[in-house]
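Below is coords22.txt, which holds compact mmCIF, C-alpha atoms.
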```
# COMPACT_ATOMS: atom_id res chain seq x y z
CA MET I 1 1.23 -23.29 35.63
CA PHE I 2 -0.76 -25.77 33.56
CA SER I 3 -1.67 -27.72 36.70
CA LYS I 4 -2.78 -24.48 38.40
CA ALA I 5 -4.89 -23.49 35.39
CA LEU I 6 -6.37 -26.99 35.25
CA GLY I 7 -7.25 -26.79 38.95
CA GLU I 8 -8.88 -23.40 38.53
CA TRP I 9 -10.85 -24.70 35.51
CA SER I 10 -11.98 -27.73 37.54
CA VAL I 11 -13.18 -25.52 40.41
CA SER I 12 -14.95 -23.19 37.98
CA ARG I 13 -16.58 -26.14 36.23
CA GLN I 14 -17.81 -27.51 39.56
CA ALA I 15 -19.20 -24.09 40.46
CA VAL I 16 -21.03 -23.88 37.13
CA LEU I 17 -22.41 -27.39 37.51
CA LEU I 18 -23.49 -26.62 41.10
CA ALA I 19 -25.17 -23.40 40.00
CA ALA I 20 -26.86 -25.19 37.14
CA GLY I 21 -28.01 -27.92 39.50
CA LEU I 22 -29.41 -25.41 41.99
CA GLY I 23 -31.05 -23.53 39.16
CA GLY I 24 -32.63 -26.73 37.92
CA VAL I 25 -33.94 -27.53 41.38
CA THR I 26 -35.37 -24.00 41.66
CA VAL I 27 -37.12 -24.38 38.32
CA LEU I 28 -38.50 -27.77 39.33
CA VAL I 29 -39.75 -26.45 42.68
CA ALA I 30 -41.32 -23.40 41.05
CA GLY I 31 -42.89 -25.59 38.38
CA ALA I 32 -44.27 -27.99 40.97
CA TRP I 33 -45.71 -25.06 42.97
CA LEU I 34 -47.43 -23.67 39.86
CA VAL I 35 -48.86 -27.08 38.99
CA LYS I 36 -50.13 -27.59 42.53
CA ARG I 37 -51.65 -24.10 42.57
CA ARG I 38 -53.39 -24.76 39.27
CA LEU I 39 -54.73 -28.11 40.44
CA ASP I 40 -55.88 -26.59 43.75
CA ASN I 41 -57.90 -24.02 41.82
CA THR I 42 -59.34 -26.34 39.18
CA PRO I 43 -62.99 -27.12 39.99
CA PRO I 44 -63.86 -30.82 40.33
CA GLN I 45 -65.86 -32.71 37.72
CA HIS I 46 -68.10 -34.50 40.21
CA TRP I 47 -70.37 -32.76 42.70
CA GLN I 48 -72.70 -33.92 45.47
CA GLU I 49 -75.92 -32.02 46.15
CA ALA I 50 -75.86 -30.87 49.78
CA GLY I 51 -78.79 -28.50 50.27
CA VAL I 52 -80.41 -25.27 49.18
CA LEU I 53 -79.51 -21.60 49.56
CA THR I 54 -82.05 -20.02 51.94
CA ASP I 55 -80.63 -16.55 52.72
CA ILE I 56 -78.33 -13.98 51.13
CA TYR I 57 -76.95 -11.11 53.22
CA VAL I 58 -74.94 -8.08 52.11
CA TYR I 59 -73.28 -5.72 54.60
CA PRO I 60 -72.55 -2.41 52.82
CA ILE I 61 -70.91 -0.88 55.92
CA LYS I 62 -68.45 -3.03 57.84
CA SER I 63 -69.97 -3.96 61.25
CA CYS I 64 -73.34 -2.32 60.48
CA GLY I 65 -76.69 -3.90 59.62
CA ALA I 66 -77.38 -6.36 56.81
CA ILE I 67 -79.43 -6.01 53.66
CA VAL I 68 -81.39 -9.14 52.75
CA VAL I 69 -81.57 -9.77 49.01
CA PRO I 70 -83.22 -12.48 46.89
CA ALA I 71 -80.31 -12.65 44.42
CA ILE I 72 -76.83 -11.20 44.06
CA GLU I 73 -73.99 -11.04 41.55
CA CYS I 74 -70.73 -12.60 42.66
CA ALA I 75 -67.53 -10.68 41.91
CA ASN I 76 -63.98 -11.23 43.11
CA THR I 77 -64.35 -8.50 45.73
CA GLY I 78 -67.60 -9.93 47.10
CA PRO I 79 -71.38 -9.91 46.57
CA GLN I 80 -72.62 -6.90 44.62
CA GLN I 81 -75.55 -5.43 42.74
CA ASN I 82 -74.64 -2.21 40.95
CA LEU I 83 -73.33 0.04 43.79
CA LEU I 84 -74.61 -2.21 46.56
CA ARG I 85 -71.40 -4.00 47.44
CA ASP I 86 -70.37 -6.00 50.47
CA ARG I 87 -68.28 -4.13 53.06
CA THR I 88 -67.27 -1.19 50.88
CA PHE I 89 -67.98 1.42 53.57
CA LEU I 90 -65.97 1.66 56.76
CA VAL I 91 -66.32 3.70 59.94
CA THR I 92 -62.95 5.06 61.06
CA THR I 93 -61.40 7.34 63.63
CA GLU I 94 -60.34 10.80 62.50
CA GLU I 95 -56.89 9.33 61.87
CA GLY I 96 -58.21 6.59 59.58
CA LYS I 97 -58.03 3.58 61.92
CA PHE I 98 -60.91 1.21 61.29
CA VAL I 99 -63.68 0.86 63.87
CA THR I 100 -65.90 -2.20 64.26
CA ALA I 101 -68.68 -3.32 66.58
CA ARG I 102 -66.00 -4.98 68.69
CA MET I 103 -65.21 -1.44 69.89
CA LYS I 104 -68.61 0.21 69.34
CA SER I 105 -71.37 -2.40 69.56
CA LYS I 106 -74.03 0.21 68.62
CA LEU I 107 -72.79 0.01 65.03
CA VAL I 108 -74.85 -3.14 64.42
CA LEU I 109 -78.02 -1.03 64.84
CA VAL I 110 -77.11 1.25 61.92
CA VAL I 111 -79.41 0.02 59.16
CA PRO I 112 -78.49 0.79 55.53
CA ARG I 113 -81.05 0.67 52.70
CA PHE I 114 -80.49 1.03 48.98
CA ASP I 115 -82.93 2.30 46.38
CA ASP I 116 -84.22 0.07 43.57
CA ARG I 117 -81.34 1.05 41.29
CA CYS I 118 -78.79 0.40 44.04
CA GLU I 119 -77.27 3.86 43.70
CA THR I 120 -78.45 5.69 46.83
CA MET I 121 -77.97 4.52 50.41
CA THR I 122 -80.17 5.67 53.30
CA LEU I 123 -79.01 5.24 56.91
CA THR I 124 -81.17 4.90 60.00
CA ALA I 125 -80.24 4.30 63.64
CA PRO I 126 -81.97 4.65 67.02
CA GLY I 127 -82.46 8.30 67.91
CA MET I 128 -80.98 9.54 64.63
CA PRO I 129 -82.60 11.24 61.62
CA GLU I 130 -82.48 9.44 58.28
CA LEU I 131 -79.46 10.31 56.18
CA ARG I 132 -79.44 9.86 52.41
CA LEU I 133 -76.11 9.30 50.63
CA ASP I 134 -75.53 9.38 46.87
CA VAL I 135 -73.04 6.54 46.42
CA ARG I 136 -72.53 7.43 42.74
CA ARG I 137 -70.35 10.42 43.56
CA TRP I 138 -67.75 8.28 45.32
CA ALA I 139 -67.99 5.28 43.00
CA SER I 140 -67.52 7.46 39.90
CA GLY I 141 -64.56 9.36 41.31
CA GLU I 142 -66.48 12.64 41.55
CA TYR I 143 -65.41 13.50 45.07
CA ASP I 144 -63.43 16.26 46.71
CA GLY I 145 -59.84 15.67 47.70
CA THR I 146 -57.71 12.59 47.12
CA LEU I 147 -57.69 9.00 48.27
CA LYS I 148 -56.74 8.73 51.93
CA GLU I 149 -54.75 5.99 53.57
CA GLY I 150 -56.17 3.99 56.47
CA THR I 151 -55.57 0.65 58.14
CA VAL I 152 -57.60 -2.55 58.36
CA TRP I 153 -56.05 -5.29 60.51
CA GLY I 154 -52.64 -3.66 60.16
CA GLU I 155 -52.76 -3.44 56.35
CA THR I 156 -52.94 -0.16 54.46
CA VAL I 157 -55.94 0.60 52.26
CA THR I 158 -56.80 3.72 50.29
CA THR I 159 -60.36 4.97 50.64
CA VAL I 160 -62.50 8.00 49.86
CA ASP I 161 -63.62 10.17 52.75
CA CYS I 162 -67.40 10.57 52.54
CA GLY I 163 -67.54 14.13 53.89
CA GLU I 164 -68.57 16.14 56.91
CA GLU I 165 -72.32 15.48 56.99
CA VAL I 166 -72.07 11.72 57.43
CA ALA I 167 -69.02 12.13 59.72
CA ARG I 168 -71.16 14.27 62.07
CA TRP I 169 -73.98 11.73 61.83
CA PHE I 170 -71.80 8.83 62.98
CA SER I 171 -70.01 10.94 65.61
CA ARG I 172 -73.28 12.08 67.14
CA TYR I 173 -74.63 8.55 67.12
CA LEU I 174 -71.54 6.94 68.65
CA VAL I 175 -70.25 9.59 71.07
CA ASP I 176 -72.83 12.42 70.98
CA ARG I 177 -70.29 14.86 69.57
CA ASP I 178 -69.84 16.53 66.19
CA THR I 179 -66.42 14.98 65.62
CA GLY I 180 -64.57 11.77 66.36
CA TYR I 181 -65.61 9.38 63.58
CA ARG I 182 -65.78 9.38 59.82
CA LEU I 183 -67.17 7.20 57.02
CA ARG I 184 -64.94 6.06 54.20
CA TYR I 185 -65.67 4.30 50.91
CA TYR I 186 -63.62 1.65 49.10
CA PRO I 187 -63.75 2.58 45.38
CA HIS I 188 -61.50 -0.14 43.97
CA GLN I 189 -62.61 -3.13 41.92
CA HIS I 190 -59.82 -5.35 43.26
CA PRO I 191 -58.47 -6.32 46.69
CA GLN I 192 -55.70 -4.09 48.04
CA ARG I 193 -54.91 -6.16 51.11
CA ARG I 194 -53.03 -9.47 50.90
CA ARG I 195 -54.47 -11.25 53.94
CA GLN I 196 -55.95 -14.00 51.74
CA GLY I 197 -54.42 -12.93 48.43
CA SER I 198 -56.86 -12.18 45.63
CA ASP I 199 -59.71 -13.61 47.77
CA THR I 200 -59.40 -10.95 50.49
CA GLY I 201 -62.22 -8.83 49.10
CA THR I 202 -62.83 -5.16 49.85
CA LEU I 203 -62.73 -4.40 53.59
CA HIS I 204 -63.46 -7.94 54.77
CA ASP I 205 -61.72 -9.55 57.73
CA GLU I 206 -60.55 -12.56 55.71
CA THR I 207 -62.20 -13.39 52.38
CA SER I 208 -64.91 -11.93 50.18
CA TYR I 209 -67.50 -14.65 51.00
CA MET I 210 -68.60 -16.46 54.15
CA LEU I 211 -70.98 -19.42 54.10
CA PHE I 212 -72.97 -20.73 57.04
CA ASN I 213 -74.82 -24.02 57.57
CA GLU I 214 -78.23 -23.60 59.22
CA ALA I 215 -77.94 -26.96 60.99
CA SER I 216 -74.74 -25.84 62.72
CA VAL I 217 -76.49 -22.98 64.51
CA THR I 218 -79.36 -25.33 65.37
CA ASP I 219 -76.87 -27.67 67.05
CA LEU I 220 -75.30 -24.74 68.89
CA ASN I 221 -78.72 -23.60 70.12
CA HIS I 222 -79.28 -27.01 71.72
CA ARG I 223 -76.33 -26.12 73.96
CA LEU I 224 -77.48 -22.57 74.83
CA ASP I 225 -80.06 -21.18 77.24
CA HIS I 226 -80.65 -18.15 75.03
CA LYS I 227 -80.97 -19.01 71.33
CA VAL I 228 -79.15 -17.15 68.58
CA GLY I 229 -79.84 -16.73 64.87
CA ALA I 230 -77.60 -17.15 61.85
CA LEU I 231 -77.41 -13.36 61.41
CA GLN I 232 -75.49 -13.10 64.68
CA PHE I 233 -72.58 -14.69 62.77
CA ARG I 234 -72.82 -12.32 59.77
CA PRO I 235 -72.74 -14.81 56.86
CA ASN I 236 -73.24 -13.94 53.20
CA PHE I 237 -74.85 -17.30 52.39
CA VAL I 238 -76.97 -19.59 54.58
CA VAL I 239 -77.49 -23.19 53.46
CA ARG I 240 -80.25 -25.54 54.61
CA GLY I 241 -79.96 -29.31 54.27
CA PRO I 242 -76.52 -30.55 55.35
CA GLN I 243 -75.87 -32.11 58.74
CA ALA I 244 -74.35 -29.84 61.37
CA TYR I 245 -70.71 -28.98 60.67
CA ALA I 246 -70.69 -30.84 57.35
CA GLU I 247 -69.15 -27.65 55.91
CA ASP I 248 -65.91 -28.41 57.78
CA ARG I 249 -65.18 -31.07 55.13
CA TRP I 250 -66.11 -29.08 52.03
CA ARG I 251 -63.27 -27.96 49.79
CA TRP I 252 -65.44 -26.80 46.89
CA VAL I 253 -68.90 -25.23 46.91
CA ARG I 254 -71.17 -24.56 43.93
CA ILE I 255 -74.32 -22.47 44.33
CA GLY I 256 -76.36 -22.87 41.18
CA GLU I 257 -73.62 -22.53 38.58
CA VAL I 258 -71.29 -20.26 40.58
CA VAL I 259 -68.18 -21.99 41.95
CA PHE I 260 -66.33 -21.15 45.17
CA ARG I 261 -63.11 -22.52 46.69
CA TYR I 262 -62.77 -23.16 50.42
CA ARG I 263 -60.02 -21.01 51.94
CA ILE I 264 -60.09 -21.16 55.76
CA PRO I 265 -62.51 -21.78 58.62
CA CYS I 266 -64.22 -18.70 60.03
CA LEU I 267 -62.65 -18.10 63.44
CA ARG I 268 -65.00 -16.42 65.88
CA CYS I 269 -64.42 -13.52 68.26
CA VAL I 270 -66.30 -11.33 70.73
CA PHE I 271 -68.41 -9.90 67.88
CA THR I 272 -70.57 -13.05 68.11
CA THR I 273 -71.70 -12.02 71.60
CA ILE I 274 -73.41 -8.86 70.28
CA ASP I 275 -77.15 -9.21 69.69
CA PRO I 276 -77.87 -7.79 66.20
CA GLU I 277 -81.34 -6.67 67.34
CA THR I 278 -80.29 -4.80 70.50
CA GLY I 279 -76.62 -3.97 69.96
CA ILE I 280 -75.88 -5.28 73.47
CA ALA I 281 -73.09 -7.75 74.16
CA ASP I 282 -74.04 -10.81 76.21
CA PRO I 283 -72.53 -10.40 79.72
CA SER I 284 -71.76 -14.12 79.94
CA LYS I 285 -69.89 -14.03 76.60
CA GLU I 286 -72.32 -16.38 74.89
CA PRO I 287 -72.38 -17.98 72.39
CA LEU I 288 -68.59 -17.56 72.16
CA ARG I 289 -67.99 -19.28 75.50
CA THR I 290 -69.91 -22.39 74.47
CA LEU I 291 -68.31 -22.47 71.03
CA LYS I 292 -64.89 -22.52 72.69
CA GLU I 293 -65.89 -25.70 74.52
CA TYR I 294 -66.19 -27.80 71.36
CA ARG I 295 -65.24 -25.86 68.21
CA GLN I 296 -61.61 -24.92 68.76
CA ILE I 297 -58.87 -25.95 66.33
CA PRO I 298 -55.66 -26.19 68.43
CA ALA I 299 -53.38 -25.27 65.53
CA LEU I 300 -55.32 -22.03 64.99
CA GLY I 301 -55.37 -20.77 68.58
CA ASP I 302 -58.27 -20.34 70.99
CA SER I 303 -60.79 -18.83 68.55
CA PRO I 304 -63.53 -21.36 67.71
CA ALA I 305 -64.41 -22.15 64.09
CA PHE I 306 -67.98 -21.62 62.89
CA GLY I 307 -68.71 -21.30 59.16
CA ILE I 308 -66.25 -21.23 56.26
CA HIS I 309 -64.55 -18.53 54.21
CA LEU I 310 -64.70 -18.90 50.43
CA GLY I 311 -63.00 -17.43 47.38
CA LEU I 312 -64.77 -17.04 44.05
CA ARG I 313 -63.65 -19.24 41.15
CA GLY I 314 -66.19 -18.23 38.52
CA ALA I 315 -68.39 -15.12 38.42
CA GLY I 316 -72.16 -15.29 38.10
CA THR I 317 -75.43 -14.71 39.94
CA VAL I 318 -76.78 -16.74 42.85
CA LYS I 319 -80.35 -16.59 44.15
CA VAL I 320 -82.35 -17.87 47.08
CA GLY I 321 -83.60 -21.37 46.26
CA ASP I 322 -80.51 -22.35 44.25
CA PRO I 323 -79.25 -25.89 44.93
CA VAL I 324 -75.92 -26.09 46.72
CA TYR I 325 -73.38 -28.68 45.61
CA VAL I 326 -70.12 -29.59 47.33
CA ALA I 327 -66.95 -31.57 46.69
```

Translate the structure of the given file into structure tokens.
Amino acid sequence: MFSKALGEWSVSRQAVLLAAGLGGVTVLVAGAWLVKRRLDNTPPQHWQEAGVLTDIYVYPIKSCGAIVVPAIECANTGPQQNLLRDRTFLVTTEEGKFVTARMKSKLVLVVPRFDDRCETMTLTAPGMPELRLDVRRWASGEYDGTLKEGTVWGETVTTVDCGEEVARWFSRYLVDRDTGYRLRYYPHQHPQRRRQGSDTGTLHDETSYMLFNEASVTDLNHRLDHKVGALQFRPNFVVRGPQAYAEDRWRWVRIGEVVFRYRIPCLRCVFTTIDPETGIADPSKEPLRTLKEYRQIPALGDSPAFGIHLGLRGAGTVKVGDPVYVA
């Protein structure tokens, strides 16, 4: 009996030691992951000046026209100035599925404008009357009904339906009917989707900021018969000064005193073939076809990389003319 008890004690002791060992390994792995994460998000001490910020674009409605601004505040969810916020409005089907210019290229011709206080948005589009929207009512929570669920790239988001008047406006513009499409507003001050974690932004495809190097589009244009502009690639920031594709090697970006962390390359799709001035897609699939000839990253599939996605690592204001530093 003593031998049996001793054997059981030995087995139990081994089990405890094994569990303790596994627990210790788990703690070490978790600790190492936390240290690495902290180091990865700690800004460098040494920076190299790379160029100057020449353009700032904000897109209040996903897939619609841009607003050009001389300066903008940088928040975790994206560029913003009071109620002018990047990609906080979204055109959807009646069921709440998101719609972009990939499906309805005419969306790029919808031009939003904000008043001086950035509280009221006015919409214009070819053949449509102006429509004025008081953004304050949705931003403050003073709206009818409750938050409605919808989907963006397969992930659920809750948004505010902006009502019948603007739904008719978009439906008439897109399909010449009174119904079919709606406009929704993202009222949250934090990302709901987890595509790129806390850097996902509001209703962005990937992250809350996208930076573009002017020299890269210049190099691309040397390869094209019909030239394109930076706006065709829908950046938030355009930088002048670096050599073409220098941004591929940047892991940190500082604009003025505002710090950003590189997250992923910006992978390009058919949206790049839509002319932002005409809303017409290029029949020969340019510039996407040419980009695929020399800007593909095999590990990331057949979508070419052009520009970089960033996550904010320190809030502040950036303005046109700010120096751009990299590390």

**Request:** Up to 12 Å from (-76.9, 2.0, 60.7) in the file's coordinates: name the residues, counting only C-alpha atoms, as a count of residues only.
**Result:** 43

**Request:** Extract, using only C-alpha atoms, all DNA, RNA and protein residues at most 9 Å from Asp275 (chain I), discarding same-chain residues fewer than 5 positions from it, and format them as a list in words.
**Result:** Ser105, Val108, Val228, Gln232, Ile280, Ala281 and Asp282 of chain I

**Message:** Let me make sure I understand: among I:Pro79, I:Pro304, I:Pro43, I:Pro191, which one has the smallest atom-to-atom distance to Leu203 (chain I) if we use all atoms listed in the file?
**Reply:** I:Pro191

**Request:** List the residues sitting within 9 Å of (-73.6, -16.9, 69.8) in the file's frame, using only C-alpha atoms, as a list in words.
**Result:**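 Checked against the point, the hits come out as Val217, Leu220, Asn221, Leu224, His226, Lys227, Val228, Gly229, Ala230, Gln232, Phe233, Phe271, Thr272, Thr273, Ile274, Asp275, Asp282, Lys285, Glu286, Pro287, Leu288, Arg289, Thr290 and Leu291 of chain I.
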
**Item:** Residues within 9 Å of Gly163 (chain I), all atoms listed in the file, excluding chain neighbours under 3 positions, as a ChimeraX atom specification
**Value:** /I:144,160,166-168,182-184

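Contact shell of Asp219 (chain I) at 10 Å (all atoms listed in the file; same-chain neighbours under 6 positions omitted): Gln243, Ala244 and Tyr245 of chain I.
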
**Request:** Please provide the set of residues having any atom within 9 Å of Arg295 (chain I), restricted to only C-alpha atoms, with same-chain residues fewer than 6 positions apart removed, written as a list in words.
**Result:**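 Neighbouring residues, sequence-local ones excluded: Ser303, Pro304, Ala305 and Phe306 of chain I.
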
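Note that the spacing between CA of Ala50 (chain I) and CA of Val238 (chain I) amounts to 12.3 Å.
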
**Message:** So, with all atoms listed in the file as the atoms that count, which of I:Gly96, I:Gly180, I:Gly201, I:Gly256 lies closest to Thr156 (chain I)?
**Reply:** I:Gly96

**Request:** Considering all atoms listed in the file, state which residue in the set I:Gly78, I:Pro265, I:Gly316, I:Pro242 is at the smallest distance from Leu300 (chain I).
**Result:**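 Counting all atoms listed in the file, the residue closest to Leu300 (chain I) is I:Pro265.
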
**Prompt:** For the atom pair CA of Asp86 (chain I) and CA of Lys104 (chain I), what is the interatomic distance in Å to one decimal place?
**Reply:**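 Atom-to-atom, CA of Asp86 (chain I) and CA of Lys104 (chain I) are spaced 19.9 Å apart.
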
**Given all atoms listed in the file as the counted atoms, nearest of I:Met210, I:Val259, I:Leu133, I:Val326 to Leu310 (chain I)** =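 Closest to Leu310 (chain I), using all atoms listed in the file: I:Met210.
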
**Item:** Counting all atoms listed in the file, the residue of I:Val253, I:Val157, I:Val175, I:Leu211 that sits nearest Phe237 (chain I)
**Value:** I:Leu211

**Request:** May I ask which of the residues I:Val152, I:Lys97, I:Ser284, I:Ile72 is the closest one to Tyr181 (chain I), counting all atoms listed in the file?
**Result:** I:Lys97
